[in-house]
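File shown: coords_24.csv. Contents: CSV, C-alpha atoms.
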chain,number,residue,atom,x,y,z
A,1,MET,CA,-5.4,19.5,-7.2
A,2,THR,CA,-8.4,20.6,-5.0
A,3,TYR,CA,-11.1,18.3,-3.6
A,4,PRO,CA,-14.5,19.7,-2.9
A,5,ASP,CA,-15.3,17.2,-0.1
A,6,ILE,CA,-11.9,17.8,1.7
A,7,ASP,CA,-11.7,20.8,4.0
A,8,ASP,CA,-8.7,23.2,3.8
A,9,ALA,CA,-7.0,21.9,6.9
A,10,LEU,CA,-7.1,18.3,5.8
A,11,HIS,CA,-6.0,19.3,2.3
A,12,ALA,CA,-3.0,21.0,3.8
A,13,ARG,CA,-2.1,18.0,6.0
A,14,LEU,CA,-2.3,15.7,2.9
A,15,ARG,CA,-0.2,18.1,0.9
A,16,ASP,CA,2.4,18.3,3.6
A,17,LEU,CA,2.4,14.5,4.0
A,18,CYS,CA,3.1,14.0,0.3
A,19,ALA,CA,5.9,16.6,0.4
A,20,ALA,CA,7.4,14.7,3.4
A,21,GLY,CA,7.2,11.5,1.5
A,22,TRP,CA,9.0,12.8,-1.5
A,23,GLU,CA,11.6,14.4,0.7
A,24,PHE,CA,12.3,11.0,2.4
A,25,PHE,CA,12.3,9.1,-0.8
A,26,GLU,CA,14.8,11.5,-2.4
A,27,ARG,CA,17.1,11.0,0.6
A,28,PHE,CA,16.6,7.2,0.6
A,29,ASP,CA,17.3,7.1,-3.1
A,30,ARG,CA,20.6,8.9,-2.6
A,31,THR,CA,21.8,7.1,0.6
A,32,VAL,CA,20.4,3.5,0.1
A,33,ARG,CA,19.3,2.8,-3.5
A,34,GLU,CA,22.4,4.2,-5.1
A,35,ARG,CA,24.5,1.8,-3.1
A,36,GLY,CA,22.6,-1.3,-4.1
A,37,PHE,CA,19.2,-2.6,-5.2
A,38,HIS,CA,16.2,-2.0,-2.9
A,39,ALA,CA,12.6,-2.7,-3.9
A,40,PHE,CA,11.2,0.5,-2.5
A,41,ILE,CA,10.0,2.9,-5.2
A,42,ALA,CA,7.8,5.8,-4.1
A,43,SER,CA,4.3,5.7,-5.5
A,44,GLU,CA,2.9,8.8,-7.2
A,45,TYR,CA,1.4,9.9,-4.0
A,46,GLU,CA,-1.0,12.5,-5.5
A,47,VAL,CA,-2.3,9.9,-8.0
A,48,VAL,CA,-3.0,7.4,-5.2
A,49,LEU,CA,-4.7,10.1,-3.1
A,50,ASP,CA,-7.2,10.6,-6.0
A,51,ALA,CA,-7.9,6.8,-5.9
A,52,LEU,CA,-8.3,6.7,-2.2
A,53,ILE,CA,-10.8,9.6,-2.2
A,54,ALA,CA,-12.7,8.1,-5.1
A,55,HIS,CA,-13.2,4.8,-3.4
A,56,ARG,CA,-13.6,5.8,0.3
A,57,ALA,CA,-16.7,5.0,2.3
A,58,PRO,CA,-17.4,5.1,6.0
A,59,GLY,CA,-15.9,2.4,8.2
A,60,GLN,CA,-13.6,0.9,5.5
A,61,ARG,CA,-10.5,-1.0,6.6
A,62,PHE,CA,-7.4,-0.4,4.5
A,63,LEU,CA,-4.3,-2.4,4.2
A,64,GLU,CA,-1.1,-1.5,2.2
A,65,LEU,CA,1.0,-4.4,1.0
A,66,GLY,CA,4.6,-3.2,1.3
A,67,SER,CA,3.9,0.1,3.1
A,68,ALA,CA,7.5,1.4,2.9
A,69,SER,CA,7.7,4.9,4.4
A,70,GLY,CA,4.0,4.8,5.3
A,71,VAL,CA,2.8,7.8,3.3
A,72,ILE,CA,-0.1,6.0,1.6
A,73,THR,CA,-1.3,4.2,4.8
A,74,ILE,CA,-1.1,7.5,6.7
A,75,MET,CA,-3.0,9.2,3.8
A,76,ALA,CA,-5.7,6.6,4.1
A,77,ASP,CA,-6.0,7.1,7.8
A,78,LEU,CA,-6.3,10.9,7.5
A,79,LEU,CA,-9.1,10.3,4.9
A,80,GLY,CA,-11.1,8.2,7.4
A,81,TYR,CA,-10.0,4.6,6.6
A,82,GLU,CA,-9.0,2.3,9.5
A,83,ALA,CA,-5.5,1.9,8.0
A,84,CYS,CA,-2.7,-0.6,8.4
A,85,GLY,CA,0.5,-1.4,6.6
A,86,ILE,CA,2.8,-4.4,6.4
A,87,GLU,CA,6.4,-3.9,5.4
A,88,ILE,CA,9.3,-6.4,5.2
A,89,ASP,CA,12.1,-3.8,5.9
A,90,PHE,CA,12.0,-3.0,9.6
A,91,SER,CA,13.9,0.3,9.2
A,92,LEU,CA,11.1,1.5,6.9
A,93,VAL,CA,8.6,0.4,9.5
A,94,ASN,CA,10.3,2.7,12.0
A,95,THR,CA,10.2,5.5,9.5
A,96,ALA,CA,6.5,5.0,8.9
A,97,ARG,CA,5.8,5.0,12.6
A,98,GLU,CA,7.7,8.2,13.1
A,99,LEU,CA,5.9,9.8,10.2
A,100,ALA,CA,2.6,8.7,11.6
A,101,THR,CA,3.4,10.4,14.9
A,102,ARG,CA,4.5,13.5,13.1
A,103,PHE,CA,1.2,13.7,11.3
A,104,ASP,CA,-0.9,12.7,14.3
A,105,SER,CA,-2.1,9.6,12.5
A,106,LYS,CA,-3.5,6.4,14.0
A,107,ALA,CA,-2.2,4.3,11.1
A,108,ARG,CA,-0.6,1.0,12.3
A,109,PHE,CA,2.5,-0.6,10.9
A,110,VAL,CA,4.0,-4.0,11.4
A,111,ALA,CA,7.2,-5.6,10.1
A,112,GLY,CA,6.9,-8.8,8.1
A,113,SER,CA,5.8,-10.3,4.8
A,114,PHE,CA,2.4,-9.5,3.4
A,115,PHE,CA,2.2,-13.1,2.3
A,116,PRO,CA,0.2,-15.2,4.7
A,117,ALA,CA,2.1,-18.1,6.3
A,118,GLY,CA,2.2,-21.0,3.8
A,119,TYR,CA,1.4,-18.9,0.7
A,120,ALA,CA,3.2,-20.0,-2.5
A,121,TYR,CA,2.6,-18.4,-5.9
A,122,ARG,CA,2.6,-20.6,-8.9
A,123,ALA,CA,2.1,-19.2,-12.4
A,124,ALA,CA,0.3,-21.1,-15.2
A,125,ASP,CA,3.7,-22.1,-16.6
A,126,GLY,CA,4.8,-23.4,-13.1
A,127,GLU,CA,7.0,-20.4,-12.3
A,128,VAL,CA,7.1,-19.9,-8.5
A,129,ARG,CA,9.2,-16.7,-8.4
A,130,THR,CA,7.6,-13.7,-6.7
A,131,GLY,CA,10.0,-11.1,-8.0
A,132,THR,CA,10.9,-8.3,-5.6
A,133,LEU,CA,8.0,-9.0,-3.3
A,134,GLY,CA,9.8,-9.8,0.0
A,135,GLU,CA,9.5,-13.2,1.7
A,136,GLY,CA,9.9,-13.8,5.4
A,137,ALA,CA,7.8,-14.2,8.5
A,138,SER,CA,4.2,-13.2,7.8
A,139,GLY,CA,3.1,-9.9,9.3
A,140,TYR,CA,-0.5,-10.8,9.9
A,141,LEU,CA,0.0,-12.4,13.3
A,142,GLU,CA,1.5,-9.2,14.7
A,143,LEU,CA,-1.2,-7.2,13.0
A,144,GLY,CA,-3.9,-9.4,14.6
A,145,ARG,CA,-5.9,-9.6,11.4
A,146,ALA,CA,-6.1,-11.6,8.2
A,147,LEU,CA,-6.1,-10.3,4.7
A,148,ASP,CA,-9.8,-11.0,4.3
A,149,ASP,CA,-10.5,-8.6,7.2
A,150,PHE,CA,-9.8,-5.6,4.9
A,151,ASP,CA,-12.2,-3.8,2.5
A,152,VAL,CA,-9.5,-2.0,0.5
A,153,VAL,CA,-6.1,-3.3,-0.2
A,154,PHE,CA,-3.3,-1.3,-2.0
A,155,GLY,CA,-0.1,-2.5,-3.6
A,156,TYR,CA,2.5,-1.1,-5.9
A,157,PRO,CA,4.1,-4.1,-7.6
A,158,TRP,CA,7.0,-4.0,-10.0
A,159,GLY,CA,6.0,-4.7,-13.6
A,160,GLY,CA,5.1,-8.4,-14.0
A,161,GLU,CA,4.3,-8.9,-10.4
A,162,GLU,CA,0.6,-7.9,-10.7
A,163,PRO,CA,-0.5,-11.6,-11.1
A,164,VAL,CA,1.0,-12.4,-7.7
A,165,LEU,CA,-1.2,-9.7,-6.0
A,166,LEU,CA,-4.3,-10.8,-7.9
A,167,ASP,CA,-3.6,-14.4,-6.9
A,168,LEU,CA,-3.1,-13.4,-3.3
A,169,MET,CA,-6.4,-11.6,-3.2
A,170,LYS,CA,-8.2,-14.4,-4.9
A,171,ARG,CA,-6.9,-17.0,-2.4
A,172,TYR,CA,-6.9,-15.0,0.9
A,173,GLY,CA,-8.8,-11.7,0.4
A,174,SER,CA,-12.4,-11.0,0.9
A,175,PRO,CA,-14.3,-11.6,-2.4
A,176,ASP,CA,-15.9,-8.1,-1.9
A,177,ALA,CA,-12.6,-6.4,-1.2
A,178,LEU,CA,-11.3,-3.8,-3.6
A,179,LEU,CA,-7.7,-4.2,-4.7
A,180,LEU,CA,-6.0,-1.0,-5.8
A,181,MET,CA,-2.8,-1.6,-7.8
A,182,HIS,CA,-0.5,1.2,-8.8
A,183,GLY,CA,1.0,0.1,-12.1
A,184,VAL,CA,4.3,1.5,-13.3
A,185,ASN,CA,2.8,3.0,-16.5
A,186,ASP,CA,-1.0,3.1,-16.0
A,187,GLY,CA,-1.7,4.8,-12.7
A,188,VAL,CA,-4.0,3.2,-10.1
A,189,GLN,CA,-6.3,0.4,-11.3
A,190,ALA,CA,-9.1,-1.1,-9.2
A,191,TYR,CA,-10.0,-4.8,-9.1
A,192,ARG,CA,-12.7,-6.7,-7.4
A,193,GLY,CA,-13.0,-10.5,-7.6
A,194,GLY,CA,-10.0,-10.6,-9.9
A,195,LYS,CA,-11.7,-8.4,-12.5
A,196,ARG,CA,-10.6,-4.9,-13.4
A,197,LEU,CA,-13.2,-2.3,-12.8
A,198,PRO,CA,-13.9,0.6,-15.2
A,199,ALA,CA,-12.2,3.8,-14.3
A,200,ARG,CA,-14.2,6.3,-12.3
A,201,SER,CA,-14.8,9.6,-14.0

Represent the supplied structure as C-alpha coordinates.
Amino acid sequence: MTYPDIDDALHARLRDLCAAGWEFFERFDRTVRERGFHAFIASEYEVVLDALIAHRAPGQRFLELGSASGVITIMADLLGYEACGIEIDFSLVNTARELATRFDSKARFVAGSFFPAGYAYRAADGEVRTGTLGEGASGYLELGRALDDFDVVFGYPWGGEEPVLLDLMKRYGSPDALLLMHGVNDGVQAYRGGKRLPARS
(Lines of atoms letter the chains of each structure in order from A and count residues from 1; the text may use other names and numbers.)
(Lines give C-alpha, C1' and ligand atoms only; values in the text may rest on other atoms or scores of the structure.)
Protein backbone atom coordinates (compact mmCIF):
# COMPACT_ATOMS: atom_id res chain seq x y z
CA MET A 1 0.00 0.00 0.00
CA THR A 2 1.15 3.56 -0.72
CA TYR A 3 0.53 6.60 1.46
CA PRO A 4 0.41 10.04 -0.21
CA ASP A 5 1.68 11.87 2.89
CA ILE A 6 4.61 9.46 3.47
CA ASP A 7 7.77 10.10 1.47
CA ASP A 8 9.52 7.29 -0.38
CA ALA A 9 12.39 7.00 2.10
CA LEU A 10 10.09 6.66 5.11
CA HIS A 11 7.85 4.26 3.23
CA ALA A 12 10.88 2.06 2.52
CA ARG A 13 11.94 2.12 6.19
CA LEU A 14 8.44 1.16 7.31
CA ARG A 15 8.29 -1.65 4.73
CA ASP A 16 11.67 -2.97 5.86
CA LEU A 17 10.62 -2.73 9.51
CA CYS A 18 7.50 -4.80 8.85
CA ALA A 19 9.59 -7.37 6.99
CA ALA A 20 12.05 -7.56 9.90
CA GLY A 21 9.16 -8.00 12.29
CA TRP A 22 7.70 -10.90 10.33
CA GLU A 23 11.12 -12.51 10.01
CA PHE A 24 11.64 -12.33 13.77
CA PHE A 25 8.18 -13.66 14.56
CA GLU A 26 8.54 -16.63 12.22
CA ARG A 27 11.81 -17.52 13.94
CA PHE A 28 10.26 -16.95 17.40
CA ASP A 29 7.29 -19.11 16.47
CA ARG A 30 9.61 -21.98 15.46
CA THR A 31 12.05 -21.75 18.36
CA VAL A 32 9.85 -20.63 21.27
CA ARG A 33 6.13 -21.00 20.64
CA GLU A 34 6.38 -24.52 19.26
CA ARG A 35 8.00 -25.63 22.54
CA GLY A 36 5.32 -24.19 24.81
CA PHE A 37 2.71 -21.50 25.16
CA HIS A 38 3.81 -17.88 24.80
CA ALA A 39 1.35 -14.99 24.59
CA PHE A 40 3.25 -13.11 21.85
CA ILE A 41 1.36 -13.17 18.56
CA ALA A 42 2.49 -10.73 15.90
CA SER A 43 -0.02 -8.06 14.93
CA GLU A 44 -0.89 -7.53 11.30
CA TYR A 45 1.75 -4.83 11.03
CA GLU A 46 0.49 -3.30 7.81
CA VAL A 47 -3.06 -3.03 9.22
CA VAL A 48 -1.76 -1.31 12.36
CA LEU A 49 0.34 1.02 10.20
CA ASP A 50 -2.83 2.18 8.45
CA ALA A 51 -4.41 2.98 11.84
CA LEU A 52 -1.35 4.84 13.12
CA ILE A 53 -1.27 6.98 9.99
CA ALA A 54 -5.00 7.66 10.15
CA HIS A 55 -4.87 8.87 13.76
CA ARG A 56 -1.51 10.64 13.95
CA ALA A 57 -1.18 14.30 14.84
CA PRO A 58 1.81 16.46 15.83
CA GLY A 59 3.22 15.92 19.31
CA GLN A 60 1.24 12.81 20.20
CA ARG A 61 2.60 10.45 22.85
CA PHE A 62 2.15 6.77 22.05
CA LEU A 63 2.26 3.73 24.35
CA GLU A 64 2.10 0.10 23.32
CA LEU A 65 0.76 -2.30 25.95
CA GLY A 66 2.77 -5.47 25.50
CA SER A 67 5.26 -4.25 22.92
CA ALA A 68 6.88 -7.65 22.23
CA SER A 69 9.50 -7.28 19.47
CA GLY A 70 8.88 -3.53 19.28
CA VAL A 71 7.79 -3.27 15.66
CA ILE A 72 4.64 -1.23 16.29
CA THR A 73 6.26 1.13 18.79
CA ILE A 74 9.15 1.73 16.39
CA MET A 75 6.65 2.23 13.60
CA ALA A 76 4.91 4.90 15.68
CA ASP A 77 8.23 6.62 16.37
CA LEU A 78 9.13 6.70 12.68
CA LEU A 79 5.72 8.28 12.00
CA GLY A 80 6.41 11.10 14.44
CA TYR A 81 4.82 9.88 17.65
CA GLU A 82 6.82 10.07 20.88
CA ALA A 83 6.69 6.32 21.31
CA CYS A 84 7.17 3.96 24.26
CA GLY A 85 6.48 0.29 24.86
CA ILE A 86 6.05 -1.84 27.98
CA GLU A 87 6.71 -5.58 27.73
CA ILE A 88 6.72 -8.25 30.46
CA ASP A 89 9.22 -10.55 28.70
CA PHE A 90 12.69 -9.07 29.17
CA SER A 91 14.15 -11.05 26.27
CA LEU A 92 11.64 -9.38 23.96
CA VAL A 93 12.52 -5.98 25.42
CA ASN A 94 16.12 -6.64 24.39
CA THR A 95 14.95 -7.62 20.91
CA ALA A 96 12.91 -4.41 20.64
CA ARG A 97 15.85 -2.26 21.72
CA GLU A 98 18.12 -3.93 19.16
CA LEU A 99 15.52 -3.43 16.44
CA ALA A 100 15.15 0.25 17.42
CA THR A 101 18.91 0.71 17.07
CA ARG A 102 18.87 -1.05 13.70
CA PHE A 103 16.17 1.32 12.40
CA ASP A 104 17.64 4.44 14.01
CA SER A 105 14.54 4.84 16.17
CA LYS A 106 14.21 6.77 19.44
CA ALA A 107 11.42 4.48 20.67
CA ARG A 108 11.81 3.56 24.36
CA PHE A 109 11.17 0.12 25.81
CA VAL A 110 10.91 -0.97 29.44
CA ALA A 111 10.40 -4.35 31.04
CA GLY A 112 7.41 -4.88 33.29
CA SER A 113 3.67 -5.17 33.42
CA PHE A 114 1.52 -2.56 31.72
CA PHE A 115 -0.84 -2.77 34.70
CA PRO A 116 -0.26 0.10 37.15
CA ALA A 117 0.73 -1.00 40.66
CA GLY A 118 -2.36 -2.09 42.56
CA TYR A 119 -4.54 -2.57 39.50
CA ALA A 120 -7.03 -5.43 39.71
CA TYR A 121 -9.59 -6.27 37.08
CA ARG A 122 -13.01 -7.48 38.13
CA ALA A 123 -15.65 -8.35 35.57
CA ALA A 124 -19.37 -7.84 36.18
CA ASP A 125 -19.69 -11.49 37.22
CA GLY A 126 -16.85 -11.11 39.74
CA GLU A 127 -14.22 -12.80 37.55
CA VAL A 128 -10.73 -11.44 38.26
CA ARG A 129 -8.72 -13.37 35.66
CA THR A 130 -6.77 -11.23 33.19
CA GLY A 131 -6.10 -14.05 30.73
CA THR A 132 -2.74 -13.99 28.98
CA LEU A 133 -2.00 -10.39 30.00
CA GLY A 134 1.19 -10.70 32.03
CA GLU A 135 1.27 -9.72 35.67
CA GLY A 136 4.39 -8.57 37.49
CA ALA A 137 6.12 -5.41 38.64
CA SER A 138 4.62 -2.39 36.91
CA GLY A 139 6.72 -0.90 34.11
CA TYR A 140 5.52 2.68 34.61
CA LEU A 141 8.08 3.54 37.29
CA GLU A 142 11.00 2.75 34.99
CA LEU A 143 9.21 4.50 32.16
CA GLY A 144 8.86 7.62 34.31
CA ARG A 145 5.32 8.17 33.07
CA ALA A 146 1.79 7.15 33.97
CA LEU A 147 -0.80 5.72 31.61
CA ASP A 148 -2.69 9.02 31.53
CA ASP A 149 0.38 10.77 30.07
CA PHE A 150 -0.28 9.14 26.68
CA ASP A 151 -2.50 10.36 23.85
CA VAL A 152 -2.65 7.11 21.88
CA VAL A 153 -2.49 3.66 23.46
CA PHE A 154 -2.28 0.43 21.46
CA GLY A 155 -2.94 -3.14 22.53
CA TYR A 156 -3.44 -6.52 20.88
CA PRO A 157 -5.44 -8.56 23.39
CA TRP A 158 -6.41 -12.16 22.90
CA GLY A 159 -10.11 -12.72 22.31
CA GLY A 160 -12.11 -12.01 25.48
CA GLU A 161 -9.42 -9.76 27.00
CA GLU A 162 -10.70 -6.55 25.41
CA PRO A 163 -12.77 -5.62 28.51
CA VAL A 164 -9.57 -5.59 30.59
CA LEU A 165 -7.94 -2.97 28.35
CA LEU A 166 -11.11 -0.89 28.27
CA ASP A 167 -11.32 -1.02 32.07
CA LEU A 168 -7.64 -0.14 32.38
CA MET A 169 -8.08 2.92 30.19
CA LYS A 170 -11.25 3.98 32.01
CA ARG A 171 -9.54 3.84 35.39
CA TYR A 172 -6.00 5.02 34.58
CA GLY A 173 -5.92 6.52 31.10
CA SER A 174 -6.62 10.07 30.04
CA PRO A 175 -10.31 10.55 29.19
CA ASP A 176 -9.23 12.15 25.90
CA ALA A 177 -6.82 9.35 24.96
CA LEU A 178 -7.40 7.12 21.98
CA LEU A 179 -7.24 3.38 22.58
CA LEU A 180 -6.44 1.35 19.48
CA MET A 181 -7.19 -2.35 19.90
CA HIS A 182 -6.23 -4.90 17.29
CA GLY A 183 -8.88 -7.55 17.49
CA VAL A 184 -8.26 -11.10 16.37
CA ASN A 185 -10.97 -10.94 13.70
CA ASP A 186 -11.89 -7.30 13.13
CA GLY A 187 -8.68 -5.35 12.54
CA VAL A 188 -7.87 -2.23 14.55
CA GLN A 189 -10.75 -0.56 16.36
CA ALA A 190 -10.53 2.87 18.00
CA TYR A 191 -12.08 3.76 21.36
CA ARG A 192 -12.29 6.99 23.30
CA GLY A 193 -13.87 7.23 26.73
CA GLY A 194 -14.81 3.56 26.49
CA LYS A 195 -16.87 4.09 23.34
CA ARG A 196 -16.02 2.63 19.99
CA LEU A 197 -15.46 5.26 17.32
CA PRO A 198 -16.79 4.93 13.78
CA ALA A 199 -14.28 3.60 11.28
CA ARG A 200 -12.39 6.21 9.29
CA SER A 201 -12.87 6.01 5.58

Between A:Ser43, A:Gln189, A:Ser105, A:Thr95, which one has atoms that come closest to Asp77 of chain A, using all atoms listed in the file? A:Ser105

Residues of segment 57-173 of chain A that have any atom at most 10 Å from an atom of segment 11-32 of chain A: could you tabulate them with the shortest-distance atom pair and the distance in Å to one decimal, using all atoms listed in the file, ordered by chain and increasing number, as CSV?
residue,atom,partner,partner_atom,distance
A:Ala68,CA,A:Phe25,CA,9.8
A:Ser69,CA,A:Gly21,CA,7.2
A:Gly70,CA,A:Gly21,CA,8.3
A:Val71,CA,A:Gly21,CA,6.0
A:Ile72,CA,A:Cys18,CA,8.7
A:Ile74,CA,A:Leu17,CA,8.3
A:Met75,CA,A:Leu14,CA,6.6
A:Ala76,CA,A:Leu14,CA,9.8
A:Leu78,CA,A:Leu14,CA,7.8
A:Leu79,CA,A:Leu14,CA,8.9
A:Thr95,CA,A:Phe24,CA,9.2
A:Ala96,CA,A:Gly21,CA,9.9
A:Leu99,CA,A:Ala20,CA,8.5
A:Ala100,CA,A:Leu17,CA,9.6
A:Arg102,CA,A:Leu17,CA,9.4
A:Phe103,CA,A:Leu17,CA,7.4
A:Asp104,CA,A:Arg13,CA,9.9

So, with all atoms listed in the file as the atoms that count, which of A:Cys84, A:Leu168, A:Ala39, A:Ile6 lies closest to Ala54 of chain A? A:Ile6

Which residue out of A:Gly85, A:Pro175, A:Gly112, A:Pro157 has the minimum interatomic distance to Ala42 of chain A when only C-alpha atoms are used?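 Of A:Gly85, A:Pro175, A:Gly112, A:Pro157, the one nearest Ala42 of chain A, counting only C-alpha atoms, is A:Pro157.
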
Selection as a VMD selection string: residues within 12 Å of (10.3, -14.0, 4.5), counting only C-alpha atoms: chain A and resid 87 to 89 111 to 120 130 132 to 139

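The nearest approach to Leu179 of chain A among the residues A:Tyr121, A:Phe62, A:Tyr140, A:Phe90, with all atoms listed in the file taken into account, belongs to A:Phe62.
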
Computed interatomic separation between atom CA of Val188 of chain A and atom CA of Leu141 of chain A (Å):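 Computing the Euclidean distance for atom CA of Val188 of chain A and atom CA of Leu141 of chain A yields 28.4 Å.
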
Residue among A:Arg97, A:Asp5, A:Gly160, A:His55 lying closest to Asn185 of chain A, counting only C-alpha atoms: A:Gly160

Protein/DNA/RNA residues near (-14.1, 0.3, -10.2), cut 7 Å, only C-alpha atoms, as a list in words: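 It turns out the residues near that spot are Ala190, Tyr191, Leu197, Pro198, Ala199 and Arg200 of chain A.
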
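Atom pair atom CA of Leu178 of chain A / atom CA of Ala83 of chain A: separated by 14.2 Å.
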
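For the atom pair formed by atom CA of Leu143 of chain A and atom CA of Val110 of chain A, the distance is 6.3 Å, given to one decimal.
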
Identify which of the residues A:Gly66, A:Gly59, A:Gly193, A:Gly144 lies closest to Ile86 of chain A, counting only C-alpha atoms when measuring atom-to-atom distances.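 Looking only at the distances to Ile86 of chain A, the closest residue turns out to be A:Gly66.
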
Residue neighbourhood Asp148 of chain A, 9 Å, only C-alpha atoms, exclusion window fewer than 6 positions, as a tab-separated table (two decimals) with C-alpha atoms, in the coordinates of the input:
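Ended up saving to out15.tsv:
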chain	number	residue	atom	x	y	z
A	169	MET	CA	-6.40	-11.60	-3.20
A	172	TYR	CA	-6.90	-15.00	0.90
A	173	GLY	CA	-8.80	-11.70	0.40
A	174	SER	CA	-12.40	-11.00	0.90
A	175	PRO	CA	-14.30	-11.60	-2.40
A	177	ALA	CA	-12.60	-6.40	-1.20

Since the input is missing atoms, can you rebuild N, CA and C atoms for segment 73-90 of chain A and write them as a PDB file, in the frame of the given file?
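As a result, rebuild-v5.pdb now contains:
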ATOM      1  N   THR A  73      -0.467   4.703   3.642  1.00  0.00           N
ATOM      2  CA  THR A  73      -1.300   4.200   4.800  1.00  0.00           C
ATOM      3  C   THR A  73      -1.701   5.378   5.652  1.00  0.00           C
ATOM      4  N   ILE A  74      -0.804   6.303   5.913  1.00  0.00           N
ATOM      5  CA  ILE A  74      -1.100   7.500   6.700  1.00  0.00           C
ATOM      6  C   ILE A  74      -2.184   8.333   5.971  1.00  0.00           C
ATOM      7  N   MET A  75      -2.004   8.475   4.676  1.00  0.00           N
ATOM      8  CA  MET A  75      -3.000   9.200   3.800  1.00  0.00           C
ATOM      9  C   MET A  75      -4.356   8.580   4.004  1.00  0.00           C
ATOM     10  N   ALA A  76      -4.429   7.255   3.933  1.00  0.00           N
ATOM     11  CA  ALA A  76      -5.700   6.600   4.100  1.00  0.00           C
ATOM     12  C   ALA A  76      -6.319   6.844   5.466  1.00  0.00           C
ATOM     13  N   ASP A  77      -5.489   6.813   6.497  1.00  0.00           N
ATOM     14  CA  ASP A  77      -6.000   7.100   7.800  1.00  0.00           C
ATOM     15  C   ASP A  77      -6.546   8.512   7.930  1.00  0.00           C
ATOM     16  N   LEU A  78      -5.841   9.475   7.390  1.00  0.00           N
ATOM     17  CA  LEU A  78      -6.300  10.900   7.500  1.00  0.00           C
ATOM     18  C   LEU A  78      -7.619  11.050   6.691  1.00  0.00           C
ATOM     19  N   LEU A  79      -7.859  10.182   5.700  1.00  0.00           N
ATOM     20  CA  LEU A  79      -9.100  10.300   4.900  1.00  0.00           C
ATOM     21  C   LEU A  79     -10.259   9.492   5.577  1.00  0.00           C
ATOM     22  N   GLY A  80      -9.986   8.852   6.706  1.00  0.00           N
ATOM     23  CA  GLY A  80     -11.100   8.200   7.400  1.00  0.00           C
ATOM     24  C   GLY A  80     -11.064   6.678   7.355  1.00  0.00           C
ATOM     25  N   TYR A  81     -10.148   6.081   6.604  1.00  0.00           N
ATOM     26  CA  TYR A  81     -10.000   4.600   6.600  1.00  0.00           C
ATOM     27  C   TYR A  81      -9.406   4.183   7.946  1.00  0.00           C
ATOM     28  N   GLU A  82      -9.706   2.967   8.368  1.00  0.00           N
ATOM     29  CA  GLU A  82      -9.000   2.300   9.500  1.00  0.00           C
ATOM     30  C   GLU A  82      -7.780   1.657   8.800  1.00  0.00           C
ATOM     31  N   ALA A  83      -6.596   2.257   8.909  1.00  0.00           N
ATOM     32  CA  ALA A  83      -5.500   1.900   8.000  1.00  0.00           C
ATOM     33  C   ALA A  83      -4.340   1.216   8.677  1.00  0.00           C
ATOM     34  N   CYS A  84      -3.842   0.186   7.977  1.00  0.00           N
ATOM     35  CA  CYS A  84      -2.700  -0.600   8.400  1.00  0.00           C
ATOM     36  C   CYS A  84      -1.753  -0.833   7.267  1.00  0.00           C
ATOM     37  N   GLY A  85      -0.475  -1.035   7.604  1.00  0.00           N
ATOM     38  CA  GLY A  85       0.500  -1.400   6.600  1.00  0.00           C
ATOM     39  C   GLY A  85       1.433  -2.464   7.052  1.00  0.00           C
ATOM     40  N   ILE A  86       1.825  -3.316   6.123  1.00  0.00           N
ATOM     41  CA  ILE A  86       2.800  -4.400   6.400  1.00  0.00           C
ATOM     42  C   ILE A  86       4.015  -4.120   5.507  1.00  0.00           C
ATOM     43  N   GLU A  87       5.203  -4.157   6.117  1.00  0.00           N
ATOM     44  CA  GLU A  87       6.400  -3.900   5.400  1.00  0.00           C
ATOM     45  C   GLU A  87       7.547  -4.795   5.867  1.00  0.00           C
ATOM     46  N   ILE A  88       8.285  -5.376   4.917  1.00  0.00           N
ATOM     47  CA  ILE A  88       9.300  -6.400   5.200  1.00  0.00           C
ATOM     48  C   ILE A  88      10.580  -5.725   5.810  1.00  0.00           C
ATOM     49  N   ASP A  89      10.840  -4.463   5.473  1.00  0.00           N
ATOM     50  CA  ASP A  89      12.100  -3.800   5.900  1.00  0.00           C
ATOM     51  C   ASP A  89      11.777  -3.047   7.230  1.00  0.00           C
ATOM     52  N   PHE A  90      12.357  -3.553   8.310  1.00  0.00           N
ATOM     53  CA  PHE A  90      12.000  -3.000   9.600  1.00  0.00           C
ATOM     54  C   PHE A  90      12.445  -1.539   9.752  1.00  0.00           C
TER      55      PHE A  90
END
